[in-house]
Structures are given as structure tokens and as C-alpha cells.
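What follows is a short report on a single structure.
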Amino acid sequence: MIEAKNISKNFADSAALTDVSIKVKKGSIYGLVGSNGAGKTTLLKILAGVYRQDLGEVLIDNQKVFENIAIKSRTVFIPDSLYFFSQYTVQDMAKFYQRIYANWNEERYQKLKDAFRLDEHKKIQQMSKGMQRQAAFWLALSITPDFLLLDEPLDGLDPVMRQKVKNLIIQDTAAREMTVLISSHNLRELEDLCDCVGILHQGRSVVEKDLDALKSDIHKIQVAFQGDLPASIFGNKHVLYQEKRGSVLLFIIRGKKEEIIKDSYQYQPVLLDILPLTLEEIFIYEMGGIGYEIKNIIF
Amino acid sequence: MKLKTSFFNEGFLLNDFRKYSWVAVFYTLALAFVIPINIIMILSNEYINKSALKDLFLLNNQEIQSILILSVPVVLAMLIFRYLQVQISADSLHSLPVPRSIIYRSHILVGVVLLILPVLITGIIAITLNLLLDLGNYYSIYDVFSWMGITTLMNLTIFLTCVFVGMLVGISAVQGVLTYILLAFPAGITILLTSNLDFFVYGFKFNLDYQLERLSPIPRVLHGFNPLNERQMGGGEIVVYLVICLALLFLAEYLYKLRNLENANQSIAFAKLHNIFKYGVTFCTMLLGGLYFKETQQTTAWVVFGYLIGSLTGYVVAEIMLKKSLGFFREVKNFKGYAVFGAIMLVLILGIRFDLTGYEKRLPPLAEVQQVYFSDSFYYYTNLEKYQMGFFSEPNNVQNIYQLHQKLVQDKNSNYLTKSQKPKRSAILIYQLSDGSTMTRGYEITYDEYARYLKPIYEAKEYKQAHYDVLQVNPADVEKITLRPNMRTDTYKEAVILNPVEIKEAIEVMQQDVLNKTYEQMTEQKVPWANVSMLIANNKLNNYPRLAEIVQQHNGDQQINATWSKSDALLEKWLKEKGYYQKARILPEEIAYVVVEKIESREQWEEKRKTGYVMETGNSNANNIERFEIRDKSQIETCLREYRDQWFLDDFFSQNTEGYIIGFYGGDKRNFAYGSFAAHNVPDFIKEHFKD
């Protein structure tokens, strides 16, 4: 489990994080979403034991992270700007990591060679940005970490590679109960990957939600009735949003799908349509006011 | 986990060696050129300078070696810790499961090994060469070991200083610059403070002799470790350097752990140090500005201007460095700190200027003075062990010096910051008090003006014993005395005394002459008749430690030198009696004629010097300067007895007195020497001649 409790962090004269808390369950993939400058990178670096928080507590497996070698050797952090030693090939870096991480898995490294199809003997700094990111994943996954912290990991990868990386992450999570924290400025990118999503905005955590629960819980319905709208149609349900388009009514409602359908049929609608909600729509409606404010930035 | 991995990290070690070994390779090659190849080059010369090989290991005039010591460790430290100053690498490497202390130690180990190996390899080659080519006469194995030790110690000091600075700053370039500033700082701040106090406080003088080497490794390394220049590295100094190294090592590790990595790219990585840095820079540049205008203008107004300009520049530069932008000019409130600084400095400077502590008027209680050093420089005080001179302990002498000091304190207005026609010299007074403390004062004065006070001091036996070597000579130790006339004529001549009885008499006579000398005779500055060399017997050298050292180190003459001054009447009489007189001095008969010219102004003197006055005096067709040729032997004798060195003309004109230049010529118009007359020592017949 990765846990940040009430983290605050100031840089020189500006606050980067204010009272941020997140919780990543073991074996889950957590998406940390926020616009540029929201504090994602800072939070990740604090979780990785690179920066020190000013206030609050950072725990992995219920242990403090900073300078905790036992925890750090089970954790891999891939920053948004990758760093490789100059003149080093993938193989050189592999040897370096082998000496640093006790749980380096050579077998895995050899196996992943086929997945990535990178030239092991090519100097990493001469590779393209996308290839460098693949190399970083290759090395990271060869360490077989229990905790994987990824800062904007899919940037610069082509769709095929993106999918491949996602699959590898999902595989490891499933197979070894790896816990993954992944940041992105794009919620859509994480839709098919994460179990849980947290949104950071201007250094504060805005919302944290379990995706499965979210998706099954919130619905968009279009209905039309002959005559006026019955006043208490969804009386006992939580209506997040409603809109009238001519004679068609649009509702965003939280609740069980079957119950909503049942409720609607009581009034014999001429039209009843349950539409899929995208993840972004869910978040916008969930967050209410602030949702509209940050809509254009994140989604 | 294995032991080695718990103190160092194998991954970081190997990685560093792979990345930075080239520095050691470069250093080894450079040292190979400077030492082993140089040895072979020197040996292949036809004439081998005996000390040339030893000099290599003493860093005596070894600029390349010194520059290597001052640069290689800094470059290496900047390279090895470069990752800390770059955000990407700092973040990346510190996410690895290696504690900061182990990362730090691993890097340090690599740096130390890479600095030691080249020196070790070079040393081994030098020792091998010594053994193979039998070079024991030129340098010893011990020399090589001592070279390895000193070089390594200095390398490590500079390396660790740079590492330490690297922990404080967030930009590699700043790290490099601040390293050198920090290395020079103890010496620099001493110079700045003392020379500024020197200006504001009448009587303040600080003894800087050898201090710079003692205070900073930079001049230490540049000036070398030659024991002949008193620059050998003593045990105490080694311990101090080791302690500094260890302190830097642990302090840097502590700062590493404390450092926030996000501060890469900041000039100063610790916010708490920003003010120290800012006002430290402001203070130093203030002093520097003051010093500059003190040296060039010598007036209070200019020095204060220098303080203003210097401090403002420093403040602005420090702010720009810290904020990394010029934006702060826009807001007046950013200068609030400067205003406060200025106010504090104003109070401080006024306090010093008006002598609130009573420093300028303070004299030690006479009863507590055990002895007092009095000289025109700190030289003999600094080299006290070598010369054993400068101190006065006779109560009478102490009192006389004390009176001189009282007078100097009274004369503040006439001595302090005044420009004098006559050249000023330093007067240094160092009291040793009965409680073991010392009190030092120094003044710039015109000695002539204090003749009344100086006379009893100069005429005291203590003073003479320190200043006239002949008083220390035991006649029994002397094998030979040679008197060589100061003016060379066509034929070489010298008087040699070999008879032990005569040697004894001569020395006793000379000693008596010295003891009889008056202050006026001691300061008359006439050119002496002859130089007197007393050859000390080999087995007696140990009675003269200073001489023994010179002989041993420079293969110098084992002679004690004295002069036969014009005022040494007893020696003159004795030489006449014994028949050495004719050979010991220049005689009027050897001079065909003398030419005297009157020089009336400084311009004329400058002009003469420019156009080569050396020719002009002998040339009858010189410009319209009046020329007085003297052929009368008794007048020539008077000239010989009275003339002073030609360079005194400089002094005459700075005092606006007229002077005469004199040239002595042989039969073929060959010039033997030039000299001068001025003021009271102009012979009457010359004055008479130029009267109209």
C-alpha cells in the first residue's frame, strides 16, 4: 500500500502541495491526474523518497519512505524526464541496476528483450525519446518492483507501444500484486488502466474515486414523456445534473441502473435511453463546480 | 549484506571509475611529463643544475605542478558531484535504494583514489629512476615520499573543499568559483581587514610575512615547499590540513543529507545561507573597494567612495546571483537590506575612525615590558629563530624606544595620512609583556624627523650587536680577511690578511669602530671604502648557525661580511700601520680626473637619466649644464671621502634640494663610478665653484 497523508511541500516562495492525501491499495493501479503544475511530479518525487515533504507523512507498506532502503529497493520510480548515464547502453544500465537492486531479475530482463525489441548495445542517449522510455520500462520491469511510480509514463510512446506497456503493467499487477501509481495530465489515457483515480488541482487533492464503483453507479439517461414531467420521477435518487432539450430530458443520475429504469417506466416514457458516460464526464459531474473549472485543463 | 557494500556502493563505485578515470589518466600523463620525463631531460643536459631535480619534488618554481594541484581536484570534484546540480540526475539517482551517505562516500572514495593513484604511479617511477640511474646525489627517496605526501594532502584538501562547496551551491560554475574564493578566503579576508584597518587606525600594522602561505593553500602551493625559503611543511601544518580535510569530509556528508534535492539550479542550495552569502559578499567587496582607492588615492574621501561603490556592487551582484534575474532593480524595497548594512557599517567605521576603544593612544605600562622589538619591518621578527635580532631588553633601550613610541602617538596629526616630501619608512614596535602577551604597533614615518629619539637606540650596544655581524665574530675562527675596494679601477686589487695575530687585531679594531659609531655616522650613507670578508674556518662554522645554513644550502662562501666605512678611523689607522692601506681602498692617484655637475631640478635629473647621463658627465660637450672638472689630488681625495651613491639624487629632489652628480674617470676617460653630493656633504670647493 502506498499512502500519503496530508502532505504539504513548499518550494522557495511557492506552495507546490497543500494537504494532499492519497491511498493506493496493494495490487491496484492508481491514476494521478492533474494539469501541468498541479503537483503530480512533486508528489511522486516525495513518494519515491527523492524530496522531503514539509508536513505530513509518506508511507509505503506502512513504513516511512525517505532514506528507507528496504522500501526503496522494492520501489522503482520512472521520472518524466529520464536520466541515463552518458555513453551507457541498455546493457550497461542493466548491469548498474543489477548492482543496485537486490531483486533484479535477469530472466525477466532477457524475456522482455523480445517485447521491446531494442538494441541492447546501443547507447541510450542516442535513442529516440520513445525508445528511451521503452528502455526505462524494460529496466524498471526487470527489477520486479513491488511498487512502481510512473510520472507521465506514456508520453512519447506510439499507440502500439502504449498498449504494450499498459499490458505489461497490468500483467505484473495481476501476477505479482505490484502496486502502481501512475500520473498523467490526461484522464482518458488512464481510463482502461486504472482501478482508482485521484485528481490534483493547484497542489490540492480534489477527488479520489474507485473507477469500477463510479462507472456502475452513475448514469446518463434521456427520457421523453407525453405531457409534463412527473414531478417526483427520481425522487429518491441523487440527480447530479438535469437538462431539457425540447421535449427530451437529460439526467445524470447516481444509483443502480435497474432501479432507474424501473422508476422511469412507472411514468410510461415515450423515449428512454441509457447512454454511456465517459470517464471525464463522470468526473466533471462528480466534482461539481470545480469540475467545470478544470475541465478544459485536464480532459 | 557484505561489508564493502554497507559502506560503499559497488554500482556507484564502478560507474564513477568508468566515467571519471580519464581525469586520473590525464593527471598521470601530465605528472609524467613534469617529473620522470623532466628528470631524464635534465640529466641529458651537459650541465646539470644540482638543485633542479630536487626542486621538482619541492614544488620549487614548478608552475605546472602547482597549477595541476589547484585545478585537477576541483575539476574532479565538480565532475563527480555534477549530478547533484542537475535536477534530472539528482532526482533519478536518489530514487535508487542507496542511502545518501553511501552515495556520498562512494563518490568520495573514487575521487580520493583517482587523485592518489597518479601521484603514486609518478612517485614509483621517480623512485625507480633514482635507483636505476643512481640519482641519490640529486634527490633522495625520502624527497619522493615527501612529495607524494604533500601533493596528496594538498590535492585532497582542495578536492574536499570543492565537494563541500558543491553541497552548498546548486550550480557547477558557482561551485568552481566559490571553491577558489573559499580557498583564498582566509588569506584574502586577512589582507582586506588589516589593510583597511591600517588605513583607518593610526599605529595599526599587521605582520603579513609568510601569513599568506599559512592562511591559504593557493599561495602555499604556488610558492612551493622549499625549506631554503622557510617553506617546508612542518608537522603542525600537516596536522592542521588533515583536520581540515576530515572536517570538510564530515561536514559535506552532513550537508548532503540535509540538502533538499529540488534546490539543484539554485545558486545557493540552502535558503538559510542566502543572507550570509549576500552580506558576506557585500562586506568583502566593500573592503576591496576601499583597499583599491586606498592604494591609488590615499585619501579618506576616496576610500569612503570605494566602500560605497564596492559594497553596492557586491550587494547587487549577490542579489542577481541568488535571484538569477535582474528583476529586483524594479523594487526599491529590495535595497532595504543594503540600507541597514550601510547604517551598521557607518557606525562601525565611525567608531574605528574616532578610536572609541582608545587603540591609538594605548601604550603598555612600561614596567611590564620585558622586551621590545623595534625595526623598520617585521622581517627579523618573523625570522626570529634564524636571526635572533630586533629585540631590545636593556631597560635603557626599552625606555628610549618607549619614548620614541610616546612621541609617535603624540604626532598622529603630522604622520597619519600626510604626504611627506621625504620618503617614509615603517617603524614597527612589538612589546613583549610580562603576562606573556604582545602588543604590536606600526607607523609610517620619516626617520630623519625622529633623529633625536633614534640616536640613543641606534647607538646602543644591543642595536649594534644585531646589525653588525662583525661583533659576533671570534677572531680565532677566522682564517683570512680580504678587503676589496668598492670602486674598481683598471687594475684589480685587494688586501689580504692571513697572519692570525693581525687577523685578531683587525677584528678587534673593527669591533671597536662599530662600537664607537655615532647615529650620524651610521646613517650618513657615504659609499664605504671597502668590503671586508672574513673567511670562517670549516670546523668553526657551527659557531655561526646562520652562516652554516647558507653554506650548506647554497654552497655559499663561508664568509662573514662587513664594510670599512669612511668613518671607521681606527681601522684606517691600523691598516696604515700594517701596510694594507694602499691596497684596501681606491687612491686619488688611481683617478685621472673627476667631473661634477650641478643638477638643479628634478626635471633636469630625469632628463639626464633619460638621455643616458652615464655618458654625459664625462663628455665635455654635453648640453648646457655646467661642468666642473677636478684634477687636484687632494680635492679628489675629498670627493672620494664624501661621495654618496648616485641613487640618493632621487631623494634630494623629492625634498627639493639641489644636488650634484659626480663621475670618477681613469686616464683613458673610462668611467669608474658615479656618485652624488647633496646638502651637508657637498665639499666646499664644489659649492664655491658653482656659487655664481
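Letters for chains follow the order of the C-alpha cells (A, B, ...), residue numbers begin at 1 for each chain, and ligand numbers begin at 1 in the order shown.
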
>> Can you work out which residues from chain B touch chain A at a cut-off of 7 Å (counting only C-alpha atoms) and hand them back as an NGL selection string?
In response: :B and (10-11 or 88-89 or 91-92 or 94-99 or 260-262)

> What residues in region 364-484 of chain B get the DSSP label alpha helix (DSSP H)? Please answer as number ranges by chain.
Replying inline: B: 379-382, 384-387, 395-410, 412-415, 451-458, 461-467

> Contacts of Pro145 (chain A) at 9 Å or less, counting only C-alpha atoms, minus same-chain residues fewer than 2 places along, as a PyMOL selection string?
Replying inline: chain A and resi 73-76+103-104+140-143+147-148+178-179

For C-alpha atoms, I'd like the residues from the last selection saved as a short mmCIF file (atom, residue, chain, number, x, y, z; two decimals), in the first residue's frame.
```cif
data_model
loop_
_atom_site.label_atom_id
_atom_site.label_comp_id
_atom_site.auth_asym_id
_atom_site.auth_seq_id
_atom_site.Cartn_x
_atom_site.Cartn_y
_atom_site.Cartn_z
CA SER A 73 14.73 -1.37 -3.07
CA ARG A 74 11.21 -2.65 -3.67
CA THR A 75 10.22 0.58 -5.41
CA VAL A 76 11.02 1.85 -8.87
CA ASN A 103 15.68 -8.19 -6.65
CA TRP A 104 16.89 -7.65 -10.22
CA ALA A 140 12.15 -0.99 -14.42
CA LEU A 141 10.14 -4.13 -15.00
CA SER A 142 13.31 -6.24 -14.84
CA ILE A 143 13.78 -5.06 -11.30
CA PHE A 147 5.82 -0.59 -6.09
CA LEU A 148 6.06 1.23 -9.37
CA MET A 178 2.51 -4.97 -7.94
CA THR A 179 1.15 -1.62 -6.78
#
```

May I have the residues within 12 Å of region 253-255 of chain B as a PDB file with C-alpha atoms, in the first residue's frame, using only C-alpha atoms and disregarding those fewer than 5 positions away in the same chain?
```
ATOM      1  CA  PRO B  99      21.320   5.927   1.204  1.00  0.00           C
ATOM      2  CA  ARG B 100      22.723   9.394   0.590  1.00  0.00           C
ATOM      3  CA  SER B 101      25.662   8.752   2.892  1.00  0.00           C
ATOM      4  CA  ILE B 102      26.724   5.705   0.887  1.00  0.00           C
ATOM      5  CA  ILE B 103      26.326   7.523  -2.418  1.00  0.00           C
ATOM      6  CA  TYR B 104      28.453  10.318  -0.958  1.00  0.00           C
ATOM      7  CA  ARG B 105      31.142   8.032   0.423  1.00  0.00           C
ATOM      8  CA  SER B 106      31.361   6.065  -2.801  1.00  0.00           C
ATOM      9  CA  HIS B 107      31.934   9.238  -4.795  1.00  0.00           C
ATOM     10  CA  ILE B 108      34.484  10.466  -2.280  1.00  0.00           C
ATOM     11  CA  LEU B 160      37.218  18.191  -0.300  1.00  0.00           C
ATOM     12  CA  VAL B 163      32.997  18.900  -2.595  1.00  0.00           C
ATOM     13  CA  PHE B 164      31.967  20.879   0.472  1.00  0.00           C
ATOM     14  CA  VAL B 165      31.172  23.930  -1.624  1.00  0.00           C
ATOM     15  CA  GLY B 166      29.267  21.673  -4.030  1.00  0.00           C
ATOM     16  CA  MET B 167      26.917  20.729  -1.203  1.00  0.00           C
ATOM     17  CA  LEU B 168      26.173  24.381  -0.522  1.00  0.00           C
ATOM     18  CA  VAL B 169      25.526  25.503  -4.065  1.00  0.00           C
ATOM     19  CA  LEU B 246      38.387  15.434   7.974  1.00  0.00           C
ATOM     20  CA  ALA B 247      36.175  18.335   8.999  1.00  0.00           C
ATOM     21  CA  LEU B 248      35.273  19.047   5.373  1.00  0.00           C
ATOM     22  CA  ASN B 260      16.940  19.427  -0.482  1.00  0.00           C
ATOM     23  CA  LEU B 261      17.440  17.995  -3.938  1.00  0.00           C
ATOM     24  CA  ALA B 269      21.166  25.490  -2.111  1.00  0.00           C
ATOM     25  CA  PHE B 270      20.409  26.373   1.493  1.00  0.00           C
TER      26      PHE B 270
END
```

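Pairwise distance (CA of Leu417 (chain B), CA of Gly659 (chain B)) equals 28.5 Å.
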
>> Excluding Leu183 (chain B) and its own-chain neighbours fewer than 4 positions away, which residues fall within 8 Å of it when counting only C-alpha atoms? Please give them as a VMD selection string.
In response: chain B and resid 158 161 179 216 to 218
